[in-house]
$ cat my_file-v4.pdb   # PDB, C-alpha atoms, pLDDT in the B column
ATOM      1  CA  MET A   1     117.576  99.045  84.601  1.00 38.00           C
ATOM      2  CA  GLN A   2     120.726 100.595  86.012  1.00 36.00           C
ATOM      3  CA  PRO A   3     120.671 102.624  89.249  1.00 35.00           C
ATOM      4  CA  GLY A   4     120.689 106.329  88.495  1.00 32.00           C
ATOM      5  CA  VAL A   5     118.716 105.913  85.265  1.00 33.00           C
ATOM      6  CA  ALA A   6     115.311 107.568  85.351  1.00 37.00           C
ATOM      7  CA  TRP A   7     112.381 105.252  84.781  1.00 41.00           C
ATOM      8  CA  VAL A   8     109.106 106.188  83.231  1.00 47.00           C
ATOM      9  CA  GLY A   9     106.382 103.660  82.881  1.00 53.00           C
ATOM     10  CA  SER A  10     104.849 100.915  84.924  1.00 62.00           C
ATOM     11  CA  ALA A  11     106.479  99.125  87.802  1.00 68.00           C
ATOM     12  CA  LEU A  12     105.378  95.565  88.438  1.00 71.00           C
ATOM     13  CA  MET A  13     105.414  94.455  92.031  1.00 82.00           C
ATOM     14  CA  GLU A  14     104.905  91.476  94.238  1.00 89.00           C
ATOM     15  CA  HIS A  15     105.388  91.845  97.951  1.00 90.00           C
ATOM     16  CA  GLU A  16     104.442  89.587 100.852  1.00 94.00           C
ATOM     17  CA  VAL A  17     104.289  90.603 104.492  1.00 94.00           C
ATOM     18  CA  PHE A  18     103.384  88.586 107.588  1.00 95.00           C
ATOM     19  CA  VAL A  19     100.928  90.367 109.899  1.00 95.00           C
ATOM     20  CA  PRO A  20     100.415  88.799 113.355  1.00 94.00           C
ATOM     21  CA  VAL A  21      96.637  89.314 113.260  1.00 95.00           C
ATOM     22  CA  GLU A  22      93.909  86.947 112.082  1.00 95.00           C
ATOM     23  CA  ALA A  23      92.823  87.369 108.446  1.00 95.00           C
ATOM     24  CA  GLN A  24      89.215  88.096 109.462  1.00 95.00           C
ATOM     25  CA  ARG A  25      90.351  91.097 111.518  1.00 94.00           C
ATOM     26  CA  LEU A  26      92.305  92.449 108.553  1.00 95.00           C
ATOM     27  CA  ARG A  27      89.234  91.992 106.320  1.00 96.00           C
ATOM     28  CA  GLU A  28      87.172  94.051 108.775  1.00 94.00           C
ATOM     29  CA  VAL A  29      89.690  96.894 108.455  1.00 94.00           C
ATOM     30  CA  LEU A  30      89.873  96.639 104.652  1.00 95.00           C
ATOM     31  CA  ASP A  31      86.062  96.800 104.454  1.00 94.00           C
ATOM     32  CA  ASP A  32      86.001 100.162 106.303  1.00 92.00           C
ATOM     33  CA  PRO A  33      87.395 103.228 104.433  1.00 87.00           C
ATOM     34  CA  ALA A  34      87.963 105.182 107.664  1.00 86.00           C
ATOM     35  CA  ARG A  35      90.077 102.358 109.084  1.00 90.00           C
ATOM     36  CA  VAL A  36      91.973 101.971 105.791  1.00 90.00           C
ATOM     37  CA  ALA A  37      92.784 105.696 105.992  1.00 89.00           C
ATOM     38  CA  ARG A  38      94.213 105.188 109.490  1.00 90.00           C
ATOM     39  CA  ALA A  39      96.456 102.441 108.117  1.00 92.00           C
ATOM     40  CA  VAL A  40      98.040 104.456 105.290  1.00 91.00           C
ATOM     41  CA  PRO A  41     101.336 105.683 106.774  1.00 90.00           C
ATOM     42  CA  GLY A  42     101.609 109.465 106.861  1.00 87.00           C
ATOM     43  CA  LEU A  43      98.267 110.104 105.172  1.00 90.00           C
ATOM     44  CA  GLN A  44      96.675 113.449 105.993  1.00 93.00           C
ATOM     45  CA  HIS A  45      93.154 112.164 105.456  1.00 88.00           C
ATOM     46  CA  ASP A  46      90.410 114.466 104.211  1.00 89.00           C
ATOM     47  CA  ALA A  47      87.774 113.915 106.898  1.00 80.00           C
ATOM     48  CA  GLY A  48      84.696 112.120 105.661  1.00 74.00           C
ATOM     49  CA  ALA A  49      86.207 111.475 102.237  1.00 70.00           C
ATOM     50  CA  ASP A  50      85.049 108.297 100.568  1.00 72.00           C
ATOM     51  CA  PRO A  51      87.016 106.894  98.866  1.00 76.00           C
ATOM     52  CA  VAL A  52      90.013 107.501 101.106  1.00 87.00           C
ATOM     53  CA  ALA A  53      91.487 110.821  99.994  1.00 91.00           C
ATOM     54  CA  GLY A  54      94.107 113.247 101.210  1.00 94.00           C
ATOM     55  CA  ARG A  55      97.785 114.199 101.078  1.00 95.00           C
ATOM     56  CA  LEU A  56     100.675 111.795 101.375  1.00 93.00           C
ATOM     57  CA  LYS A  57     104.356 112.676 101.564  1.00 93.00           C
ATOM     58  CA  VAL A  58     106.606 109.958 100.157  1.00 91.00           C
ATOM     59  CA  ARG A  59     110.306 109.921 100.990  1.00 92.00           C
ATOM     60  CA  VAL A  60     112.584 108.487  98.314  1.00 91.00           C
ATOM     61  CA  GLY A  61     116.176 108.475  99.462  1.00 89.00           C
ATOM     62  CA  SER A  62     116.944 112.005 100.673  1.00 92.00           C
ATOM     63  CA  HIS A  63     114.058 113.525  98.691  1.00 93.00           C
ATOM     64  CA  SER A  64     110.353 113.727  99.313  1.00 93.00           C
ATOM     65  CA  VAL A  65     107.374 114.207  97.041  1.00 94.00           C
ATOM     66  CA  THR A  66     103.922 115.145  98.301  1.00 95.00           C
ATOM     67  CA  TYR A  67     100.876 113.810  96.494  1.00 96.00           C
ATOM     68  CA  ARG A  68      97.179 114.581  96.734  1.00 96.00           C
ATOM     69  CA  GLY A  69      94.890 111.785  95.667  1.00 94.00           C
ATOM     70  CA  SER A  70      92.581 108.967  96.576  1.00 93.00           C
ATOM     71  CA  VAL A  71      92.532 105.216  96.983  1.00 92.00           C
ATOM     72  CA  ARG A  72      89.621 102.805  96.781  1.00 93.00           C
ATOM     73  CA  VAL A  73      89.615  99.365  98.350  1.00 94.00           C
ATOM     74  CA  SER A  74      86.932  96.895  97.325  1.00 95.00           C
ATOM     75  CA  ALA A  75      86.298  93.278  98.225  1.00 96.00           C
ATOM     76  CA  ARG A  76      86.279  90.723  95.423  1.00 97.00           C
ATOM     77  CA  ASP A  77      84.136  87.602  95.252  1.00 96.00           C
ATOM     78  CA  ASP A  78      87.183  85.365  95.755  1.00 96.00           C
ATOM     79  CA  GLY A  79      88.006  86.946  99.161  1.00 94.00           C
ATOM     80  CA  SER A  80      90.828  89.136  97.877  1.00 97.00           C
ATOM     81  CA  TYR A  81      90.751  92.929  97.591  1.00 96.00           C
ATOM     82  CA  ALA A  82      91.244  95.332  94.720  1.00 96.00           C
ATOM     83  CA  VAL A  83      93.066  98.591  95.441  1.00 93.00           C
ATOM     84  CA  GLU A  84      92.952 101.431  92.925  1.00 94.00           C
ATOM     85  CA  GLY A  85      94.531 104.780  93.512  1.00 93.00           C
ATOM     86  CA  ASP A  86      95.644 107.897  91.759  1.00 95.00           C
ATOM     87  CA  ALA A  87      97.444 110.987  92.924  1.00 96.00           C
ATOM     88  CA  ALA A  88      99.055 114.126  91.554  1.00 97.00           C
ATOM     89  CA  GLU A  89     102.107 115.938  92.848  1.00 96.00           C
ATOM     90  CA  THR A  90     101.152 118.959  94.930  1.00 96.00           C
ATOM     91  CA  ARG A  91     104.153 120.826  93.485  1.00 94.00           C
ATOM     92  CA  GLY A  92     104.684 119.706  89.954  1.00 91.00           C
ATOM     93  CA  SER A  93     102.928 117.988  87.120  1.00 91.00           C
ATOM     94  CA  GLY A  94     103.696 114.369  87.997  1.00 94.00           C
ATOM     95  CA  ALA A  95     101.144 111.701  88.764  1.00 95.00           C
ATOM     96  CA  VAL A  96     101.009 108.158  90.095  1.00 93.00           C
ATOM     97  CA  THR A  97      98.356 105.534  89.409  1.00 93.00           C
ATOM     98  CA  LEU A  98      98.251 102.154  91.090  1.00 91.00           C
ATOM     99  CA  VAL A  99      96.237  98.999  90.627  1.00 93.00           C
ATOM    100  CA  LEU A 100      96.888  96.370  93.288  1.00 93.00           C
ATOM    101  CA  GLY A 101      95.482  93.102  94.480  1.00 95.00           C
ATOM    102  CA  LEU A 102      95.635  92.074  98.136  1.00 96.00           C
ATOM    103  CA  ARG A 103      95.387  88.398  99.051  1.00 97.00           C
ATOM    104  CA  LEU A 104      95.082  87.325 102.659  1.00 97.00           C
ATOM    105  CA  ARG A 105      96.154  83.812 103.581  1.00 96.00           C
ATOM    106  CA  ASP A 106      95.938  82.316 107.052  1.00 95.00           C
ATOM    107  CA  ALA A 107      99.384  81.586 108.446  1.00 96.00           C
ATOM    108  CA  GLU A 108     100.559  80.283 111.779  1.00 95.00           C
ATOM    109  CA  GLY A 109     100.119  83.124 114.269  1.00 94.00           C
ATOM    110  CA  GLY A 110      98.564  85.568 111.806  1.00 96.00           C
ATOM    111  CA  THR A 111      98.113  86.333 108.138  1.00 96.00           C
ATOM    112  CA  ALA A 112     100.327  86.387 105.079  1.00 97.00           C
ATOM    113  CA  LEU A 113      99.361  89.476 103.087  1.00 96.00           C
ATOM    114  CA  THR A 114     100.402  89.284  99.434  1.00 95.00           C
ATOM    115  CA  ILE A 115     100.351  92.495  97.416  1.00 93.00           C
ATOM    116  CA  THR A 116     100.633  92.318  93.620  1.00 93.00           C
ATOM    117  CA  GLY A 117     100.000  94.854  90.910  1.00 91.00           C
ATOM    118  CA  THR A 118     101.353  97.764  88.966  1.00 90.00           C
ATOM    119  CA  ALA A 119     102.094 101.410  89.523  1.00 87.00           C
ATOM    120  CA  THR A 120     102.566 103.932  86.740  1.00 89.00           C
ATOM    121  CA  ALA A 121     104.309 107.210  87.344  1.00 90.00           C
ATOM    122  CA  ASP A 122     105.713 110.299  85.766  1.00 91.00           C
ATOM    123  CA  GLY A 123     107.117 113.517  87.207  1.00 92.00           C
ATOM    124  CA  ARG A 124     109.696 113.887  89.975  1.00 93.00           C
ATOM    125  CA  VAL A 125     109.652 110.271  91.135  1.00 91.00           C
ATOM    126  CA  THR A 126     110.992 109.167  87.741  1.00 89.00           C
ATOM    127  CA  GLU A 127     114.155 111.215  88.356  1.00 90.00           C
ATOM    128  CA  PHE A 128     115.152 109.050  91.324  1.00 90.00           C
ATOM    129  CA  PRO A 129     117.182 105.840  91.077  1.00 89.00           C
ATOM    130  CA  PRO A 130     114.884 102.827  90.650  1.00 86.00           C
ATOM    131  CA  ASP A 131     116.418 101.056  93.656  1.00 88.00           C
ATOM    132  CA  ALA A 132     115.585 104.072  95.868  1.00 89.00           C
ATOM    133  CA  VAL A 133     112.001 104.066  94.569  1.00 87.00           C
ATOM    134  CA  ALA A 134     111.753 100.308  95.182  1.00 86.00           C
ATOM    135  CA  SER A 135     113.023 100.742  98.731  1.00 88.00           C
ATOM    136  CA  ALA A 136     110.517 103.547  99.414  1.00 89.00           C
ATOM    137  CA  VAL A 137     107.622 101.472  98.071  1.00 87.00           C
ATOM    138  CA  SER A 138     108.697  98.449 100.097  1.00 88.00           C
ATOM    139  CA  ARG A 139     108.831 100.568 103.281  1.00 91.00           C
ATOM    140  CA  LEU A 140     105.413 102.051 102.510  1.00 89.00           C
ATOM    141  CA  LEU A 141     103.872  98.599 101.960  1.00 89.00           C
ATOM    142  CA  ASN A 142     105.466  97.202 105.136  1.00 91.00           C
ATOM    143  CA  ARG A 143     104.214 100.128 107.212  1.00 94.00           C
ATOM    144  CA  PHE A 144     100.758  99.879 105.663  1.00 92.00           C
ATOM    145  CA  ALA A 145     100.587  96.183 106.606  1.00 92.00           C
ATOM    146  CA  GLU A 146     101.857  96.901 110.111  1.00 93.00           C
ATOM    147  CA  ASN A 147      99.275  99.655 110.499  1.00 94.00           C
ATOM    148  CA  LEU A 148      96.490  97.356 109.249  1.00 93.00           C
ATOM    149  CA  GLY A 149      97.475  94.944 112.016  1.00 93.00           C
ATOM    150  CA  THR A 150      97.591  97.701 114.609  1.00 94.00           C
ATOM    151  CA  VAL A 151      94.196  99.109 113.584  1.00 94.00           C
ATOM    152  CA  ALA A 152      92.712  95.592 113.624  1.00 93.00           C
ATOM    153  CA  ALA A 153      94.148  94.896 117.080  1.00 90.00           C
ATOM    154  CA  GLU A 154      92.942  98.238 118.495  1.00 88.00           C
ATOM    155  CA  THR A 155      89.392  97.889 117.271  1.00 66.00           C
ATOM    156  CA  SER A 156      88.836  94.158 117.740  1.00 54.00           C
ATOM    157  CA  GLY A 157      90.439  93.437 121.075  1.00 45.00           C
ATOM    158  CA  PRO A 158      93.837  91.906 121.730  1.00 40.00           C
ATOM    159  CA  ALA A 159      95.721  90.677 118.698  1.00 38.00           C
ATOM    160  CA  SER A 160      96.729  87.082 118.473  1.00 38.00           C
ATOM    161  CA  GLY A 161     100.487  86.956 118.574  1.00 37.00           C
ATOM    162  CA  PRO A 162     102.983  89.493 119.925  1.00 37.00           C
ATOM    163  CA  GLU A 163     101.689  92.604 121.673  1.00 37.00           C
ATOM    164  CA  SER A 164     103.716  94.787 119.353  1.00 37.00           C
ATOM    165  CA  PRO A 165     103.207  93.507 115.799  1.00 39.00           C
ATOM    166  CA  GLU A 166     106.425  92.698 113.978  1.00 41.00           C
ATOM    167  CA  LEU A 167     106.410  92.151 110.273  1.00 43.00           C
ATOM    168  CA  LEU A 168     108.477  89.823 108.180  1.00 43.00           C
ATOM    169  CA  SER A 169     108.743  90.962 104.597  1.00 42.00           C
ATOM    170  CA  THR A 170     109.178  87.950 102.374  1.00 41.00           C
ATOM    171  CA  GLY A 171     108.757  89.599  98.987  1.00 44.00           C
ATOM    172  CA  ASP A 172     110.718  91.955  96.854  1.00 41.00           C
ATOM    173  CA  PHE A 173     109.659  94.963  94.917  1.00 39.00           C
ATOM    174  CA  GLU A 174     111.648  95.694  91.820  1.00 39.00           C
ATOM    175  CA  PRO A 175     110.486  98.361  89.400  1.00 40.00           C
ATOM    176  CA  ARG A 176     110.633  97.172  85.839  1.00 38.00           C
ATOM    177  CA  ALA A 177     109.955  99.768  83.173  1.00 37.00           C
ATOM    178  CA  THR A 178     107.330  98.824  80.624  1.00 36.00           C
ATOM    179  CA  ASN A 179     107.109 102.249  78.966  1.00 33.00           C
ATOM    180  CA  ASP A 180     103.331 102.282  79.312  1.00 35.00           C
ATOM    181  CA  PHE A 181     103.451 105.892  80.428  1.00 32.00           C
ATOM    182  CA  GLU A 182     104.924 108.635  78.226  1.00 31.00           C
ATOM    183  CA  THR A 183     105.924 112.083  79.424  1.00 29.00           C
TER     184      THR A 183
END

$ encode --input "my_file-v4.pdb" --output "structure tokens"
Amino acid sequence: MQPGVAWVGSALMEHEVFVPVEAQRLREVLDDPARVARAVPGLQHDAGADPVAGRLKVRVGSHSVTYRGSVRVSARDDGSYAVEGDAAETRGSGAVTLVLGLRLRDAEGGTALTITGTATADGRVTEFPPDAVASAVSRLLNRFAENLGTVAAETSGPASGPESPELLSTGDFEPRATNDFET
């Protein structure tokens, strides 16, 4: 897909981030909807909402789109997590749906968090260059992982590793249209 060409459909993603906090601490956060809400960057959380619900402004390049929606995180038998979310534009008719898997793997000094899945979208976000969307999603995932580490460190005592968590993104996100979503 060429930059500047609108995409409509599903974006496949795989992204890995190092979080300098033990995997068990991250699991404790992921098992608690209120703590997950604290980790979503920029979320204006609807108090007491379960699943996690509220408004989220997403900046893509020099533009921003505000969504209202919810996300559900659930533990799987294999120790990974399923993340399902959907949101609608607050000004417009666009929507985003995501289905992600989170795998936590012990790593020296912390946890490697691997995020895989798909996101489908229509509306304003499809008018932006795919590379700008990919960059915005990558930033959002990195900040989410950083915030998970911060929430885990705040609520479970001192984090193992640096006092100020630094993340190393080792994965790439590249939207690839699959035309699963028609407008």

$ atom_distance --input "my_file-v4.pdb" --atom1 "atom CA of A:Thr118" --atom2 "atom CA of A:Ala34"
24.2 Å

$ residues_around --input "my_file-v4.pdb" --residues "stretch 39-56 of chain A" --least-positions-apart "6" --cutoff "12 Å" --atoms "all atoms listed in the file" --output "ChimeraX atom specification"
/A:26,29-33,64-74,83-91,96,136-137,139-154

$ residues_around --input "my_file-v4.pdb" --residues "A:Glu108" --least-positions-apart "5" --cutoff "10 Å" --atoms "all atoms listed in the file" --output "list in words"
Phe18, Pro20, Val21, Glu22 and Gly161 of chain A

$ resolve_selection --input "my_file-v4.pdb" --expression "the PyMOL selection byres ((chain A and resi 81) around 9)" --output "list in words"
Arg27, Leu30, Val73, Ser74, Ala75, Arg76, Asp77, Asp78, Gly79, Ser80, Ala82, Val83, Leu100, Gly101, Leu102, Arg103 and Leu104 of chain A

$ atom_distance --input "my_file-v4.pdb" --atom1 "atom CA of A:His15" --atom2 "atom CA of A:Val36"
18.5 Å

$ atom_distance --input "my_file-v4.pdb" --atom1 "atom CA of A:His63" --atom2 "atom CA of A:Val17"
25.6 Å

$ closest_atom_pairs --input "my_file-v4.pdb" --of "stretch 22-73 of chain A" --to "stretch 130-134 of chain A" --cutoff "9 Å" --atoms "only C-alpha atoms" --output "tab-separated table"
residue	atom	partner	partner_atom	distance
A:Arg59	CA	A:Val133	CA	8.9
A:Val60	CA	A:Val133	CA	5.8
A:Gly61	CA	A:Ala132	CA	5.7

$ write_last_selection --input "my_file-v4.pdb" --atoms "C-alpha atoms" --output "PDB file, in the coordinates of the input"
ATOM      1  CA  ARG A  59     110.306 109.921 100.990  1.00 92.00           C
ATOM      2  CA  VAL A  60     112.584 108.487  98.314  1.00 91.00           C
ATOM      3  CA  GLY A  61     116.176 108.475  99.462  1.00 89.00           C
TER       4      GLY A  61
END

$ closest_residue --input "my_file-v4.pdb" --among "A:Ser62, A:Lys57, A:Glu14, A:Arg25" --to "A:Phe128" --atoms "all atoms listed in the file"
A:Ser62

$ closest_residue --input "my_file-v4.pdb" --among "A:Ala95, A:Met13, A:Ala23, A:Ala37" --to "A:Asp122" --atoms "all atoms listed in the file"
A:Ala95
